[in-house]
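**Student:** The file below is model16.pdb, PDB, C-alpha atoms:
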```pdb
ATOM      1  CA  MET A 887       3.943  14.658 -28.576  1.00  0.00           C
ATOM      2  CA  ALA A 888       5.200  13.959 -25.057  1.00  0.00           C
ATOM      3  CA  LEU A 889       6.740  10.555 -24.594  1.00  0.00           C
ATOM      4  CA  LEU A 890       7.490   9.238 -21.138  1.00  0.00           C
ATOM      5  CA  PRO A 891       9.154   5.841 -20.792  1.00  0.00           C
ATOM      6  CA  VAL A 892       8.039   3.027 -18.534  1.00  0.00           C
ATOM      7  CA  HIS A 893      11.260   1.175 -17.603  1.00  0.00           C
ATOM      8  CA  THR A 894      12.071  -2.499 -17.137  1.00  0.00           C
ATOM      9  CA  ALA A 895      15.586  -3.846 -17.675  1.00  0.00           C
ATOM     10  CA  GLN A 896      16.240  -3.168 -21.372  1.00  0.00           C
ATOM     11  CA  VAL A 897      12.680  -2.735 -22.612  1.00  0.00           C
ATOM     12  CA  LEU A 898      11.139   0.749 -22.783  1.00  0.00           C
ATOM     13  CA  LEU A 899       7.471   1.394 -23.432  1.00  0.00           C
ATOM     14  CA  TYR A 900       6.540   4.871 -24.721  1.00  0.00           C
ATOM     15  CA  THR A 901       2.949   5.986 -24.983  1.00  0.00           C
ATOM     16  CA  PHE A 902       0.816   8.711 -26.470  1.00  0.00           C
ATOM     17  CA  PRO A 903      -1.033  10.143 -24.626  1.00  0.00           C
ATOM     18  CA  GLU A 904       1.678  10.064 -21.983  1.00  0.00           C
ATOM     19  CA  THR A 905       1.704   7.567 -19.140  1.00  0.00           C
ATOM     20  CA  LEU A 906       1.067   8.805 -15.617  1.00  0.00           C
ATOM     21  CA  ARG A 907       1.779   6.270 -12.852  1.00  0.00           C
ATOM     22  CA  GLY A 908       1.384   3.388 -15.292  1.00  0.00           C
ATOM     23  CA  VAL A 909      -1.927   4.615 -16.694  1.00  0.00           C
ATOM     24  CA  VAL A 910      -2.710   6.050 -20.137  1.00  0.00           C
ATOM     25  CA  GLN A 911      -5.928   8.041 -20.153  1.00  0.00           C
ATOM     26  CA  SER A 912      -7.787   8.802 -23.355  1.00  0.00           C
ATOM     27  CA  GLU A 913     -11.288   9.417 -24.598  1.00  0.00           C
ATOM     28  CA  LEU A 914     -13.414   7.069 -26.666  1.00  0.00           C
ATOM     29  CA  ASN A 915     -12.821   7.265 -30.441  1.00  0.00           C
ATOM     30  CA  TYR A 916      -9.334   8.785 -30.006  1.00  0.00           C
ATOM     31  CA  SER A 917      -6.105   6.954 -30.873  1.00  0.00           C
ATOM     32  CA  VAL A 918      -3.626   5.555 -28.354  1.00  0.00           C
ATOM     33  CA  ILE A 919      -0.086   4.740 -29.489  1.00  0.00           C
ATOM     34  CA  LEU A 920       2.143   2.278 -27.662  1.00  0.00           C
ATOM     35  CA  SER A 921       5.771   2.091 -28.802  1.00  0.00           C
ATOM     36  CA  CYS A 922       8.312  -0.451 -27.604  1.00  0.00           C
ATOM     37  CA  LEU A 923      12.102  -0.128 -27.682  1.00  0.00           C
ATOM     38  CA  ALA A 924      14.187  -3.158 -26.759  1.00  0.00           C
ATOM     39  CA  GLY A 925      17.966  -2.914 -26.439  1.00  0.00           C
ATOM     40  CA  LEU A 926      18.584  -6.613 -26.947  1.00  0.00           C
ATOM     41  CA  ARG A 927      21.101  -8.370 -29.207  1.00  0.00           C
ATOM     42  CA  PRO A 928      20.428 -10.198 -31.413  1.00  0.00           C
ATOM     43  CA  THR A 929      17.479  -8.092 -32.498  1.00  0.00           C
ATOM     44  CA  PRO A 930      14.351  -9.418 -30.778  1.00  0.00           C
ATOM     45  CA  VAL A 931      10.878 -10.147 -32.049  1.00  0.00           C
ATOM     46  CA  ILE A 932       8.491  -7.730 -30.366  1.00  0.00           C
ATOM     47  CA  TYR A 933       4.929  -8.618 -29.559  1.00  0.00           C
ATOM     48  CA  TRP A 934       2.153  -7.194 -27.424  1.00  0.00           C
ATOM     49  CA  THR A 935      -0.207  -8.618 -24.848  1.00  0.00           C
ATOM     50  CA  PHE A 936      -3.572  -7.231 -23.802  1.00  0.00           C
ATOM     51  CA  ASN A 937      -4.902  -8.481 -20.470  1.00  0.00           C
ATOM     52  CA  GLY A 938      -2.444 -11.380 -20.793  1.00  0.00           C
ATOM     53  CA  GLN A 939      -3.573 -12.388 -24.302  1.00  0.00           C
ATOM     54  CA  PRO A 940      -1.636 -11.838 -27.579  1.00  0.00           C
ATOM     55  CA  ARG A 941      -2.585  -8.542 -29.247  1.00  0.00           C
ATOM     56  CA  GLY A 942      -0.123  -7.897 -32.092  1.00  0.00           C
ATOM     57  CA  THR A 943       3.495  -7.718 -33.204  1.00  0.00           C
ATOM     58  CA  GLY A 944       5.933  -4.976 -34.102  1.00  0.00           C
ATOM     59  CA  GLU A 945       7.494  -1.994 -32.387  1.00  0.00           C
ATOM     60  CA  LYS A 946       4.243   0.013 -32.375  1.00  0.00           C
ATOM     61  CA  LEU A 947       0.736  -0.878 -31.377  1.00  0.00           C
ATOM     62  CA  ILE A 948      -1.770   1.732 -32.534  1.00  0.00           C
ATOM     63  CA  ILE A 949      -5.248   1.572 -31.085  1.00  0.00           C
ATOM     64  CA  ARG A 950      -7.401   3.539 -33.506  1.00  0.00           C
ATOM     65  CA  ARG A 951     -10.764   4.814 -32.293  1.00  0.00           C
ATOM     66  CA  LEU A 952     -10.439   3.634 -28.699  1.00  0.00           C
ATOM     67  CA  SER A 953     -13.492   1.664 -27.591  1.00  0.00           C
ATOM     68  CA  ARG A 954     -14.491   0.175 -24.259  1.00  0.00           C
ATOM     69  CA  GLU A 955     -13.257  -3.218 -25.514  1.00  0.00           C
ATOM     70  CA  ASP A 956      -9.717  -1.744 -25.797  1.00  0.00           C
ATOM     71  CA  LEU A 957      -9.568  -0.725 -22.132  1.00  0.00           C
ATOM     72  CA  GLY A 958      -7.200  -2.861 -20.060  1.00  0.00           C
ATOM     73  CA  THR A 959      -3.555  -3.718 -19.441  1.00  0.00           C
ATOM     74  CA  TYR A 960      -0.929  -3.806 -22.214  1.00  0.00           C
ATOM     75  CA  MET A 961       2.638  -5.099 -22.131  1.00  0.00           C
ATOM     76  CA  CYS A 962       5.446  -5.192 -24.664  1.00  0.00           C
ATOM     77  CA  VAL A 963       7.440  -8.428 -24.838  1.00  0.00           C
ATOM     78  CA  ALA A 964      10.831  -8.673 -26.574  1.00  0.00           C
ATOM     79  CA  LYS A 965      12.082 -12.182 -27.326  1.00  0.00           C
ATOM     80  CA  ASN A 966      15.284 -13.426 -28.975  1.00  0.00           C
ATOM     81  CA  SER A 967      17.585 -16.439 -28.778  1.00  0.00           C
ATOM     82  CA  GLN A 968      19.069 -15.087 -25.523  1.00  0.00           C
ATOM     83  CA  GLY A 969      15.752 -14.866 -23.700  1.00  0.00           C
ATOM     84  CA  GLN A 970      12.682 -12.765 -23.183  1.00  0.00           C
ATOM     85  CA  LEU A 971      12.072  -9.418 -21.462  1.00  0.00           C
ATOM     86  CA  SER A 972       8.816  -7.597 -20.781  1.00  0.00           C
ATOM     87  CA  SER A 973       7.972  -3.962 -20.171  1.00  0.00           C
ATOM     88  CA  GLU A 974       6.119  -2.765 -17.142  1.00  0.00           C
ATOM     89  CA  PRO A 975       2.374  -3.080 -17.718  1.00  0.00           C
ATOM     90  CA  VAL A 976       0.469  -0.003 -18.839  1.00  0.00           C
ATOM     91  CA  LYS A 977      -3.236   0.343 -18.201  1.00  0.00           C
ATOM     92  CA  VAL A 978      -5.329   2.112 -20.854  1.00  0.00           C
ATOM     93  CA  SER A 979      -8.397   3.742 -19.328  1.00  0.00           C
ATOM     94  CA  LEU A 980     -10.910   6.455 -20.046  1.00  0.00           C
ATOM     95  CA  SER A 981     -10.184  10.046 -19.084  1.00  0.00           C
ATOM     96  CA  GLU A 982     -11.724  11.126 -15.830  1.00  0.00           C
ATOM     97  CA  VAL A 983     -14.163  13.372 -17.675  1.00  0.00           C
ATOM     98  CA  GLU A 984     -15.917  10.228 -18.959  1.00  0.00           C
ATOM     99  CA  VAL A 985     -16.391   8.559 -15.562  1.00  0.00           C
ATOM    100  CA  ASP A 986     -20.213   8.560 -15.592  1.00  0.00           C
ATOM    101  CA  SER A 987     -20.947   4.899 -16.290  1.00  0.00           C
ATOM    102  CA  THR A 988     -24.718   5.467 -16.269  1.00  0.00           C
ATOM    103  CA  ASP A 989     -24.522   7.158 -19.647  1.00  0.00           C
ATOM    104  CA  GLU A 990     -25.462   4.823 -22.428  1.00  0.00           C
ATOM    105  CA  PRO A 991     -23.576   5.145 -25.695  1.00  0.00           C
ATOM    106  CA  ILE A 992     -25.337   7.366 -28.191  1.00  0.00           C
ATOM    107  CA  ASP A 993     -25.945   5.660 -31.505  1.00  0.00           C
ATOM    108  CA  PRO A 994     -25.838   7.871 -34.545  1.00  0.00           C
ATOM    109  CA  ASP A 995     -29.209   8.702 -36.072  1.00  0.00           C
ATOM    110  CA  PRO A 996     -29.620   6.049 -38.801  1.00  0.00           C
ATOM    111  CA  ILE A 997     -31.619   8.494 -40.922  1.00  0.00           C
ATOM    112  CA  LEU A 998     -28.728  10.968 -41.017  1.00  0.00           C
ATOM    113  CA  THR A 999     -25.874   8.462 -41.249  1.00  0.00           C
ATOM    114  CA  VAL A1000     -24.662   7.550 -44.726  1.00  0.00           C
ATOM    115  CA  SER A1001     -21.509   5.637 -45.562  1.00  0.00           C
ATOM    116  CA  GLY A1002     -20.079   3.082 -47.963  1.00  0.00           C
ATOM    117  CA  GLY A1003     -22.268   2.081 -50.894  1.00  0.00           C
ATOM    118  CA  SER A1004     -25.146   4.263 -49.729  1.00  0.00           C
ATOM    119  CA  ALA A1005     -22.908   7.333 -49.726  1.00  0.00           C
ATOM    120  CA  ILE A1006     -21.674   6.566 -53.239  1.00  0.00           C
ATOM    121  CA  ALA A1007     -25.233   6.001 -54.492  1.00  0.00           C
ATOM    122  CA  LEU A1008     -26.360   9.273 -52.922  1.00  0.00           C
ATOM    123  CA  LEU A1009     -23.436  11.114 -54.494  1.00  0.00           C
ATOM    124  CA  LEU A1010     -24.220   9.658 -57.935  1.00  0.00           C
ATOM    125  CA  ALA A1011     -27.907  10.495 -57.571  1.00  0.00           C
ATOM    126  CA  GLY A1012     -26.969  14.050 -56.621  1.00  0.00           C
ATOM    127  CA  CYS A1013     -24.719  14.358 -59.664  1.00  0.00           C
ATOM    128  CA  ALA A1014     -27.434  12.952 -61.919  1.00  0.00           C
ATOM    129  CA  GLY A1015     -29.913  15.432 -60.435  1.00  0.00           C
ATOM    130  CA  LEU A1016     -27.500  18.271 -61.082  1.00  0.00           C
ATOM    131  CA  VAL A1017     -27.136  17.179 -64.729  1.00  0.00           C
ATOM    132  CA  VAL A1018     -30.927  17.081 -65.122  1.00  0.00           C
ATOM    133  CA  VAL A1019     -31.223  20.589 -63.663  1.00  0.00           C
ATOM    134  CA  MET A1020     -28.453  21.912 -65.936  1.00  0.00           C
ATOM    135  CA  VAL A1021     -30.055  20.337 -69.021  1.00  0.00           C
ATOM    136  CA  GLY A1022     -33.404  21.836 -68.002  1.00  0.00           C
ATOM    137  CA  ILE A1023     -31.870  25.289 -67.631  1.00  0.00           C
ATOM    138  CA  GLY A1024     -30.079  24.920 -70.965  1.00  0.00           C
ATOM    139  CA  SER A1025     -33.328  23.862 -72.644  1.00  0.00           C
ATOM    140  CA  ALA A1026     -35.205  26.817 -71.149  1.00  0.00           C
ATOM    141  CA  ILE A1027     -32.522  29.229 -72.379  1.00  0.00           C
ATOM    142  CA  ALA A1028     -32.588  27.677 -75.879  1.00  0.00           C
ATOM    143  CA  GLN A1029     -36.389  27.871 -75.964  1.00  0.00           C
ATOM    144  CA  ALA A1030     -36.299  31.513 -74.867  1.00  0.00           C
ATOM    145  CA  GLN A1031     -33.796  32.331 -77.629  1.00  0.00           C
ATOM    146  CA  ARG A1032     -35.984  30.629 -80.263  1.00  0.00           C
ATOM    147  CA  THR A1033     -39.013  32.558 -79.044  1.00  0.00           C
ATOM    148  CA  ASP A1034     -37.066  35.838 -79.224  1.00  0.00           C
ATOM    149  CA  ARG A1035     -35.958  35.092 -82.824  1.00  0.00           C
ATOM    150  CA  ARG A1036     -39.554  34.403 -83.866  1.00  0.00           C
ATOM    151  CA  ARG A1037     -40.701  37.696 -82.348  1.00  0.00           C
ATOM    152  CA  ILE A1038     -37.925  39.568 -84.146  1.00  0.00           C
ATOM    153  CA  ARG A1039     -38.848  37.953 -87.536  1.00  0.00           C
ATOM    154  CA  ARG A1040     -42.559  38.806 -87.124  1.00  0.00           C
ATOM    155  CA  CYS A1041     -41.775  42.332 -86.098  1.00  0.00           C
ATOM    156  CA  CYS A1042     -39.391  43.293 -88.894  1.00  0.00           C
TER
END
```
Would you mind writing the file out in structure tokens?
**Tutor:**
Amino acid sequence: MALLPVHTAQVLLYTFPETLRGVVQSELNYSVILSCLAGLRPTPVIYWTFNGQPRGTGEKLIIRRLSREDLGTYMCVAKNSQGQLSSEPVKVSLSEVEVDSTDEPIDPDPILTVSGGSAIALLLAGCAGLVVVMVGIGSAIAQAQRTDRRRIRRCC
């Protein structure tokens, strides 16, 4: 994992994927990790802004499954009793391979998509079906054995 800092006074902002000229490029549905280090005393409270609005607190901001709504400018802010410092802004954008804005998002086929309660119900139904098949096979084997015994008794 390559980490390149974006510097401002005593606040460092590390990113994954790495920052290039203040921009983090990623693809949709991939994670982006922003990590803030502040060398302030007393220990500061760290929070994040996204396009100027509060986004979260803590040293790391993890954007899971990047979506178009997550694209924009992020900053780390460190605040303590001595004052407040901010990192340089970092813009999160799509990789250049996804530039074609005429493409509409592809929705998964609802017939083939199963999750949550439906997935559990399907799994249980599959297990129940397997039990029925196994019982049927067992019954057929038992019936075949009974038939063989009857033939042997008649014969001898």
**Student:** For the atom pair CA of Lys977 (chain A) and CA of Glu945 (chain A), what is the interatomic distance in Å to one decimal place?
**Tutor:**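 The value is 17.9 Å.
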**Student:** For Tyr916 (chain A), work out the shell of residues within 7 Å, counting all atoms listed in the file and skipping chain neighbours fewer than 3 positions away, then give it as a list in words.
**Tutor:**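 Result of the neighbour search: Ser912, Glu913, Arg950, Arg951 and Leu952 of chain A.
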**Student:** Using all atoms listed in the file, pick whichever of A:Asn937, A:Ser953, A:Ser981, A:Gln970 has the shortest atom-to-atom distance to Val909 (chain A).
**Tutor:**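 Ranking A:Asn937, A:Ser953, A:Ser981, A:Gln970 by distance to Val909 (chain A), first place goes to A:Ser981.
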**Student:** For a cutoff of 8 Å around the file-coordinate point (0.1, 1.7, -30.4), which residues qualify once you count all atoms listed in the file? I'd like the result as an NGL selection string.
**Tutor:** :A and (901 or 918-921 or 946-949)
**Student:** Report, in Å to a single decimal, how far apart CA of Leu898 (chain A) and CA of Leu923 (chain A) are.
**Tutor:**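 CA of Leu898 (chain A) lies 5.1 Å from CA of Leu923 (chain A).
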**Student:** Can you work out which one of A:Leu926, A:Arg954, A:Trp934, A:Met1020 has the shortest atom-to-atom distance to Glu974 (chain A), counting all atoms listed in the file?
**Tutor:** A:Trp934
**Student:** Nearest to Met961 (chain A) among A:Gln896, A:Gln1029, A:Thr935, A:Ser979, with distances taken over only C-alpha atoms: which residue is it?
**Tutor:**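 Looking only at the distances to Met961 (chain A), the closest residue turns out to be A:Thr935.
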**Student:** From the options A:Glu982, A:Ala1011, A:Gly969, A:Thr1033, which residue's atoms come nearest to Pro930 (chain A), counting only C-alpha atoms?
**Tutor:**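 Of A:Glu982, A:Ala1011, A:Gly969, A:Thr1033, the one nearest Pro930 (chain A), counting only C-alpha atoms, is A:Gly969.
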**Student:** Which residues, named as in the file, does the PyMOL selection byres ((chain A and resi 924) around 10) pick out? Answer as a ChimeraX atom specification.
**Tutor:** /A:894-899,922-923,925-927,929-932,945,962-965,971-973
**Student:** Provide the CA of Val910 (chain A) to CA of Tyr933 (chain A) distance in Å, to one decimal place.
**Tutor:**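 Separating CA of Val910 (chain A) from CA of Tyr933 (chain A) is a distance of 19.0 Å.
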**Student:** Using only C-alpha atoms, which protein or nucleic acid residues come within 6 Å of Phe936 (chain A)? Drop anything in the same chain fewer than 4 positions from it, and give the result as a PyMOL selection string.
**Tutor:** chain A and resi 941+959-960
**Student:** For Val976 (chain A), which of A:Ile1027, A:Gly908, A:Phe902, A:Gln939 is the closest residue, counting all atoms listed in the file?
**Tutor:**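 Closest to Val976 (chain A) of all the choices is A:Gly908.
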